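To start, the structure under review is shown below, and the notes come after it.
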Amino acid sequence: MLLIECPYCGPRTESEFSYGAEAHIARPKNPEEISDKEWADYVFLRDNTKGIVLERWVHTAGCRRWFNLARNTVTYEILQVYEMGAKPPKIELKSFV
Amino acid sequence: MTETFRLSEGGLIDRSRPITFTFNGKTLRGYPGDTLASALIANGIHFVGRSFKYHRPRGIMSAGAEECNALFQIGDDPKTDPNSKATQVELVDGLKAASQNAWPSLDFDIGEINNVASRLIPSGFYYKTFMWPAAMWMKYEHVIRKASGLGKSPTQPDPDNYDKSYVHCDVLVVGGGAAGLSAALAAGRAGARVVLAEAEFAFGGALLSTKGETINAKPALDWVEEAVAELEDLPNVRVMKRTVCYGYFDHNFLAMREDLTDHLAAKPAHLPRHRLWKVRAKQVVIATGAIERPLVFADNDRPGIMTANAARTYVNRFAVLPGKRAVVFTNNDGAYATALDLKAAGVEVAAVVDLREVLEGPLTEKAREAGVKIHTGKGVVGTAGKKRITSVKIGEIDFDEKGIIGPVEEIACDLLLSSGGWNPTVHLFCQAKGQLVWDEDHACFVPGEPMQKAQRSAGAANGTFGIEGGLKEGYEAGKAAASDCGFKSKSRKKVSFQTSDEDFLPARWMWLVPSDKPIGRGGKHFVDMQNDSTAADLHLALREGYSSIEHVKRFTTTGMATDQGKTANVNAIGIIADVYGKPLPEVGVTTFRPPYFPVTFGIFAGRDIGDLLDPARKTPIHSWHERNGAEFECVGQWLRPWYYPKDGEDIHAAVNREVKACRNSLGILDATTLGKIDIQGQDAAEFLNRVYTNAWKKLAPGKCRYGLMLGEDGMVMDDGVTSRLGENQFVMTTTSGNAAPVMAHLEEFLQTEWPDLKVFLTSVTEQFATMTISGPNARNLLAEVTDMDLSSEALPHMGAAVGEVAGVKARIFRISFTGEQSFEINVPASYGLFLWQTLMRLGEKYNITPYGTEAMHVLRAEKGFIIVGQETDGSVTPIDLGMNWIVSKTKDFVGKRSLTRPDILKEDRKQLVGILTDDPNVVLPEGAHLVVRNSSERPLPMEGHVTSSYHSPNCGRSIAMALIKGGSKRAGERLLAPLSDGRVISCTIAESPVFYDPEGVRLNG
C-alpha cells in the first residue's frame, strides 16, 4: 500500500487514488493523418519499465485532481510528485533490464 | 485432574486460580498464564496429533510460533478455529481442544497405514500417480483431500465480530522482548509516537524462558516489568499485547492482528474478537527475536522430542517438566543452559550428546562442573518409542564420510531435546523485500540491506544474539528511529546495560545427522514435520532435476503450510547445499510472504459483512416503493424497483401489466439513479463535441440531444441524453451504473489533454430526484401540476424547459426511452417523494402505473433501444450497433480514429440485429449462443449471442436482440440456439431490431 503525496491534499494512502499509467503521452493532434500503427501505439502500448517511471495518478477519493509522479518500480520509492502539465523532473531514468 | 508434571513452585502462572479445559473430551487442569501446550505437558501429555501424510504420532515440538505438530481444533462449530498452535493458544477456563488428522481416534488411527507404506508414497507421488486419466483427477483429489489435510472449517457463518483500525505512528516496534522493549523505551523517551506490538500475552520474549538472568544487577523479568510500566505511563506510547504483526507491505505499511477476547472465559459482547490494525509507520524497528533450529536426525519426530529452548521455556516460564529423563542433542554451547535448568528443576539429564569434537563455551564449562555427562563428537543416530520416545541411539559421527564410526549406544529417556543453532526471525524484513546475508559464524541468514529504508532490525532478529547485545542494539535502533522522525533524546544520561548472558557459540554445523542406514532406507529424517517432508524427499527432488530452491519447495512442500517452514527452511537449504557441494547462501532462500502467522479471515471482513458489505444507494422515493410492494434489483450500488407485483402476480404478469399501462395510458418510473453531471463553462459545448460522437456546438438552449461516448479504442462506453440549459450550461445523463466511470473519463480528458478548456464538471446525481411519466396521458397529467406550455410547439420531443411543477422548481426534459410521449421531471431530491406522491394521486384517473426496470427494459427493447452494458460489452463499436447515423464524419472526437482501424472495418464483426423466434411463445435465454446448424461437431462455429430477450405484450410475441457476425447483411437468415437443457430453438434474423412503432409516431402524440 503506497503512501502517495497528493500535491493538493498531502500524503494519503494508495486506496484513495487511481492509476493512470505512463505520463507524458500526448494525444495526437492530427489523428486522421497518422498511421494505424502510430495510433495503436498511442491507444494501447505503454512501457513496462523495471526501474524509474513517470506515471499519472488521480486522487479519486479526494480532490479528483490528476498529477504525475516519478516512481521506482523495483523499490516502489516515489522520487517526485509534480503537477499535470509540468515538465518532467530531472531524474536519471534508470532501467534495470 | 492431577498435574503430575507441574513443579510445586515457580513459573509465570497464577496458581491462585486453577482453571479447567478439555483435550479430546477429557477434562484437565491448568492455570492462567499457561498456554494450551504447557498445560498439556503439565498433565503429562505429549502425544497430541497425527502427521499430515504418514499419520505418525506427533508431540509438542516447540514453545512458540514455529510449532508444526501440536495443531488443534479449538472450540465447537461454528465458533471453532482449526490448526491452532497449542504453543500460541492462551489457556482459558473452559477451553475445548481436539486433535486433528486422526480417525477414528488419536490412539487408533487408520491412516497410520500410510507410515508403513511410506516407501511407496514419496514426494510427488499423488501428482504422478493420479494424473491419468486427466479427467479423473477431480475424483481422486476428493479422496486424497479427505485422507490428508489439517483441521476442519466451521460449517456455519462466523458468529463473532471483527474490527479494523488504522494507526499512524512515528516508530513501530515489532516484538516486546529485550531488544523491542529497549527500542520502545529509547523512542518513547525521545517523545516519538510509538506503537509497541508483542505477539504473545506476556512481554519479555526470550527472557521469559530464562532463570537467574539479570539486567543491571536486577532480575531480568523485573527489568521487563519496569520497562513496560514506564512505556504504559508515556502518553505517546501505545503498548499492545496479543498483537502479532504478520505483514510488512510497501511504504512502511504493516498489518497486525490483535486478539481481544480469545483469552477471556467470559467474552464481553461489546468487544470484537480480533482487530486488524493497519499501521503506517514513519520508522520500523523489527525486534522479532530468533527461532531455535532443530537438528535433523533419524526419527526426529516422536512425541517427547522438542527443541532445547522449548524445554527451558516449559521449565522456567510455566513450571512444568517436559520429561523425567532427558537427553540433550546439540551442536552449540547455548543448549547447555537447558541442560542446567532442567537439572536444577529435578529432571535427570541422562546425557548431552554434542556434535562438537572440542567442547568450549561458558555454559559447556558450567555443565561440566555440574557433572552433566557429555558425549563428545557424537550424534543421535536413531530413536525408539511409539507414542512417546523411549530411547535414543547415539554414535560417533564421521564428518567427512557423513557416517558413523564404531558401535552405537542406546540411552533410555522420555525426552529428547535438540539444538542446531538459531534462525533470526527475518520474515518481516524479507516481506519488505530486504536482502538477507549469510552469517558464517552463526550459520544463519541475517538482514542485510533493507529495500525500504526507514527500518532497522535489532537484537536476535538482526543476528545479534545474547541479551546484552539485544538491549544495546534495540536502544540504539529506537533512538535512531526517533531521531529520524525529528525527536532527539532529551536526556544526556548515558544508558547502559549489563547482563549475564552470552552468545550461543561456539558451534559446529551439520545439516543432516547420519544414521546407521543410508538416508531414506530406514528411519525418517524429517525436515518439515508439518508436511512430513524428509531429507530423502529433498534428495529425490534433486535427483529429479529440481535445482531451484523454489522448485524444490513446491515439489516436496517443504516450508509450506501453517508454520511456513519456520524450523524447516534453513535446514532444507543446508541439506541441498551439501548435495550440491556448494556454499549454503548460493542455494538461496524461498520468498517470504505474508502472513507471518495464520490470521483469521474475519479480520479482513471486519464489519463489512451482510448489509454493510457494500453501501446500498436508495432514491428519495425508496420508501414509497417499499410500501407499495416493489421487488428490487441491484444496479451498481443502487436499489431500483424491478417490478411492482399486485395481488399475487408473478414477475411476468406484473411486467406485462406495467408495459401495457405505459403504452395504453400512463406509466411512471423512478429514474433518479441515472447519472447526472452538471457541465458549465464557456467551452462546455466544445468539450461535449470532443467526447461525444455527434455534433454539439449548434444545439440550442432548451434542447436535448442523445449522445454516444466512446473510449479512445473506439468502443462504446456510455450513452445518454444531454440537455442544454443555457449558453454555458449543460446537464449530462449517464447510465445508472456508469456515472462514476463517465465522470472519471471526462475529468481525465479535461485535466490531462485539454486543460485549456474552461469547463467545470460537477456530479449532481444525488441532488435531483428524477421521475419519468410516459404514455398517451403523460401530458394531460403534467398539465394539471404546471402552468408551463407543454404543447409540441413549445416543448417538442427533445425539448427542455425549466419551470414549476406542483409548486416545486423543476427541469422538464421531453425525452423518451419507451417510444411513448414522455416527460422526465427533475426536482431537488428533497421534493422527490412529494412530487411522486402528487403525481400518483392526480394520475389515478389515468390508471397511472409505476413500472420498474424490467418493464423499462421491455419497453425500450420493443423500440430497439440499446442498453450500454447489455448490448455492448466493451468490444462493440457504434458501427456494430448500426448507429452510424450518430457518428460525425467531419469533426474529431475521442475514439474516432480507432473506427478506421482495419479490424474495426471488417465485415464479419458481430453486429446488432433483431431476432424473432419461430415459435412466438418461446423466449430465448439472454446469453444464448446462436449457430447455423446443430451437429455433434465440437466446437460448433458460433455466429453470435443473444444480448436482450423478452416477451413483448405489445407485439404479442417474444422479441430479442443479438450480436451476430456480419449480422447487418443477414436479415431473414435462420439460426439455431442449442441450449444446455437440450432444447434447440430456431429463430430468424429480423429486418430491424425495432419491433414496435418503427415510424415513431407515438413519440409526438
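Just so we're on the same page: first chain in the C-alpha cells is A, next is B, and so on; residues restart at 1 for each chain, and ligands are numbered from 1 in the order they show up.
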
Would you give me, as a Markdown table, each residue of chain A having an atom within 8 Å of an atom of chain B, along with its shortest atom pair and that distance in Å to one decimal, using only C-alpha atoms and sorting by chain and residue number?
```
| residue | atom | partner | partner_atom | distance |
| --- | --- | --- | --- | --- |
| A:Met1 | CA | B:Asp250 | CA | 5.2 |
| A:Leu2 | CA | B:His251 | CA | 5.5 |
| A:Leu3 | CA | B:His251 | CA | 6.1 |
| A:Ala26 | CA | B:Glu753 | CA | 7.1 |
| A:Arg27 | CA | B:Glu753 | CA | 6.8 |
| A:Pro31 | CA | B:Arg897 | CA | 5.9 |
| A:Glu32 | CA | B:Arg897 | CA | 6.2 |
| A:Asp36 | CA | B:Arg901 | CA | 6.2 |
| A:Trp39 | CA | B:Arg897 | CA | 7.6 |
| A:Val43 | CA | B:Asp713 | CA | 6.5 |
| A:Arg65 | CA | B:Gln751 | CA | 7.6 |
| A:Trp66 | CA | B:Gln751 | CA | 6.7 |
| A:Thr75 | CA | B:Met451 | CA | 6.3 |
| A:Tyr76 | CA | B:Asp250 | CA | 7.1 |
| A:Glu77 | CA | B:His251 | CA | 7.7 |
| A:Met84 | CA | B:Thr752 | CA | 6.6 |
| A:Gly85 | CA | B:Thr752 | CA | 7.5 |
```

Subject >> strand (DSSP E) per DSSP on the backbone: members of region 354-589 of chain B, as a count of residues only >> reply: 53

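Using only C-alpha atoms for every distance, the candidate list A:Gly20, A:Gly10, A:Pro28, A:Gly51 yields A:Gly20 as the residue closest to Asn68 (chain A).
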
Original post:
So which residues touch region 934-940 of chain B within 9 Å, counting only C-alpha atoms, skipping near sequence neighbours fewer than 2 positions away, as a ChimeraX atom specification?
Top reply: /B:931-932,942,976-978,984

Output N, CA and C atoms for every residue in that selection, as an mmCIF file, in the first residue's frame.
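Result saved to selection_2.cif:
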```cif
data_model
loop_
_atom_site.group_PDB
_atom_site.id
_atom_site.type_symbol
_atom_site.label_atom_id
_atom_site.label_comp_id
_atom_site.auth_asym_id
_atom_site.auth_seq_id
_atom_site.Cartn_x
_atom_site.Cartn_y
_atom_site.Cartn_z
ATOM 1 N N VAL B 931 -26.108 -20.631 -33.670
ATOM 2 C CA VAL B 931 -25.315 -21.351 -34.662
ATOM 3 C C VAL B 931 -26.144 -21.510 -35.929
ATOM 4 N N VAL B 932 -25.440 -21.847 -37.023
ATOM 5 C CA VAL B 932 -26.145 -22.028 -38.295
ATOM 6 C C VAL B 932 -26.819 -23.390 -38.335
ATOM 7 N N MET B 942 -19.638 -20.579 -33.806
ATOM 8 C CA MET B 942 -20.612 -19.671 -33.196
ATOM 9 C C MET B 942 -20.845 -18.476 -34.114
ATOM 10 N N LEU B 976 -29.995 -21.212 -35.094
ATOM 11 C CA LEU B 976 -30.438 -22.123 -34.043
ATOM 12 C C LEU B 976 -29.756 -21.764 -32.733
ATOM 13 N N ALA B 977 -30.510 -21.952 -31.655
ATOM 14 C CA ALA B 977 -29.927 -21.744 -30.326
ATOM 15 C C ALA B 977 -29.987 -23.071 -29.568
ATOM 16 N N PRO B 978 -28.898 -23.851 -29.600
ATOM 17 C CA PRO B 978 -28.897 -25.101 -28.818
ATOM 18 C C PRO B 978 -28.666 -24.758 -27.345
ATOM 19 N N VAL B 984 -33.435 -27.089 -28.723
ATOM 20 C CA VAL B 984 -32.808 -26.303 -29.799
ATOM 21 C C VAL B 984 -33.886 -25.361 -30.326
#
```

Subject >> Who sits within 12 Å of region 608-622 of chain B, only C-alpha atoms, same chain under 4 positions skipped, as a PyMOL selection string >> reply: chain B and resi 157-164+601-604+626-641+669-674+736-737+765-771+827-837+850

Subject >> Shell around Ala178 (chain B) at 8 Å using only C-alpha atoms, local window under 4 positions removed, as number ranges by chain >> reply: B: 182, 204-207, 224, 459, 467, 470-471, 474

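Of note, CA of Gly681 (chain B) and CA of Thr734 (chain B) are spaced 19.6 Å apart.
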
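Atom pair CA of Glu502 (chain B) / CA of Leu355 (chain B): separated by 20.2 Å.
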
**OP:** Please provide the set of residues having any atom within 9 Å of Ile886 (chain B), restricted to only C-alpha atoms, with same-chain residues fewer than 3 positions apart removed, written as number ranges by chain.
**Re:** B: 693-695, 706-708, 878, 883

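Interatomic distance, CA of Pro447 (chain B) to CA of Ala572 (chain B): 19.4 Å.
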
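Closest approach to Arg46 (chain A) among A:Phe67, A:His24, A:Val81, A:Glu33: A:His24, based on only C-alpha atoms.
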
**OP:** Choose the residue, out of B:Ala319, B:Val589, B:Ala190, B:Ile812, that has the smallest atom-to-atom separation from Ser548 (chain B); count only C-alpha atoms.
**Re:** B:Val589

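Using only C-alpha atoms, the contacts of region 806-811 of chain B at a cut-off of 6 Å, with sequence neighbours closer than 3 positions omitted, comprise Val785, Ala801, Val802, Gly803, Ile825, Asn826 and Val827 of chain B.
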
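Among the residues of chain A, backbone DSSP assigns alpha helix (DSSP H) to A:Asp36, A:Lys37, A:Glu38, A:Trp39, A:Ala40, A:Asp41, A:Tyr42, A:Val43, A:Phe44.
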
Output of the above residues as a PDB file, in the first residue's frame, restricted to N, CA and C atoms:
```pdb
ATOM      1  N   ASP A  36      -2.062   3.709 -38.791  1.00  0.00           N
ATOM      2  CA  ASP A  36      -2.729   2.837 -37.824  1.00  0.00           C
ATOM      3  C   ASP A  36      -1.777   2.461 -36.700  1.00  0.00           C
ATOM      4  N   LYS A  37      -0.518   2.217 -37.072  1.00  0.00           N
ATOM      5  CA  LYS A  37       0.455   1.786 -36.072  1.00  0.00           C
ATOM      6  C   LYS A  37       0.723   2.900 -35.058  1.00  0.00           C
ATOM      7  N   GLU A  38       0.876   4.107 -35.560  1.00  0.00           N
ATOM      8  CA  GLU A  38       1.126   5.224 -34.647  1.00  0.00           C
ATOM      9  C   GLU A  38      -0.059   5.438 -33.700  1.00  0.00           C
ATOM     10  N   TRP A  39      -1.262   5.297 -34.250  1.00  0.00           N
ATOM     11  CA  TRP A  39      -2.452   5.461 -33.410  1.00  0.00           C
ATOM     12  C   TRP A  39      -2.528   4.341 -32.371  1.00  0.00           C
ATOM     13  N   ALA A  40      -2.262   3.110 -32.798  1.00  0.00           N
ATOM     14  CA  ALA A  40      -2.306   1.969 -31.876  1.00  0.00           C
ATOM     15  C   ALA A  40      -1.264   2.142 -30.781  1.00  0.00           C
ATOM     16  N   ASP A  41      -0.103   2.690 -31.127  1.00  0.00           N
ATOM     17  CA  ASP A  41       0.921   2.963 -30.110  1.00  0.00           C
ATOM     18  C   ASP A  41       0.371   3.889 -29.035  1.00  0.00           C
ATOM     19  N   TYR A  42      -0.325   4.913 -29.485  1.00  0.00           N
ATOM     20  CA  TYR A  42      -0.886   5.883 -28.534  1.00  0.00           C
ATOM     21  C   TYR A  42      -1.979   5.252 -27.672  1.00  0.00           C
ATOM     22  N   VAL A  43      -2.857   4.464 -28.304  1.00  0.00           N
ATOM     23  CA  VAL A  43      -4.013   3.953 -27.560  1.00  0.00           C
ATOM     24  C   VAL A  43      -3.623   2.790 -26.642  1.00  0.00           C
ATOM     25  N   PHE A  44      -2.806   1.870 -27.173  1.00  0.00           N
ATOM     26  CA  PHE A  44      -2.652   0.594 -26.473  1.00  0.00           C
ATOM     27  C   PHE A  44      -1.286   0.363 -25.814  1.00  0.00           C
TER      28      PHE A  44
END
```

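For the set B:Phe760, B:Phe329, B:Phe445, B:Tyr246, the residue with the smallest atom-to-atom gap to Gly395 (chain B) is B:Phe329, counting only C-alpha atoms.
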
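Nearest residue to Gly289 (chain B), choosing from B:Ala199, B:Leu512, B:Ile110, B:Ile519 and counting only C-alpha atoms: B:Ala199.
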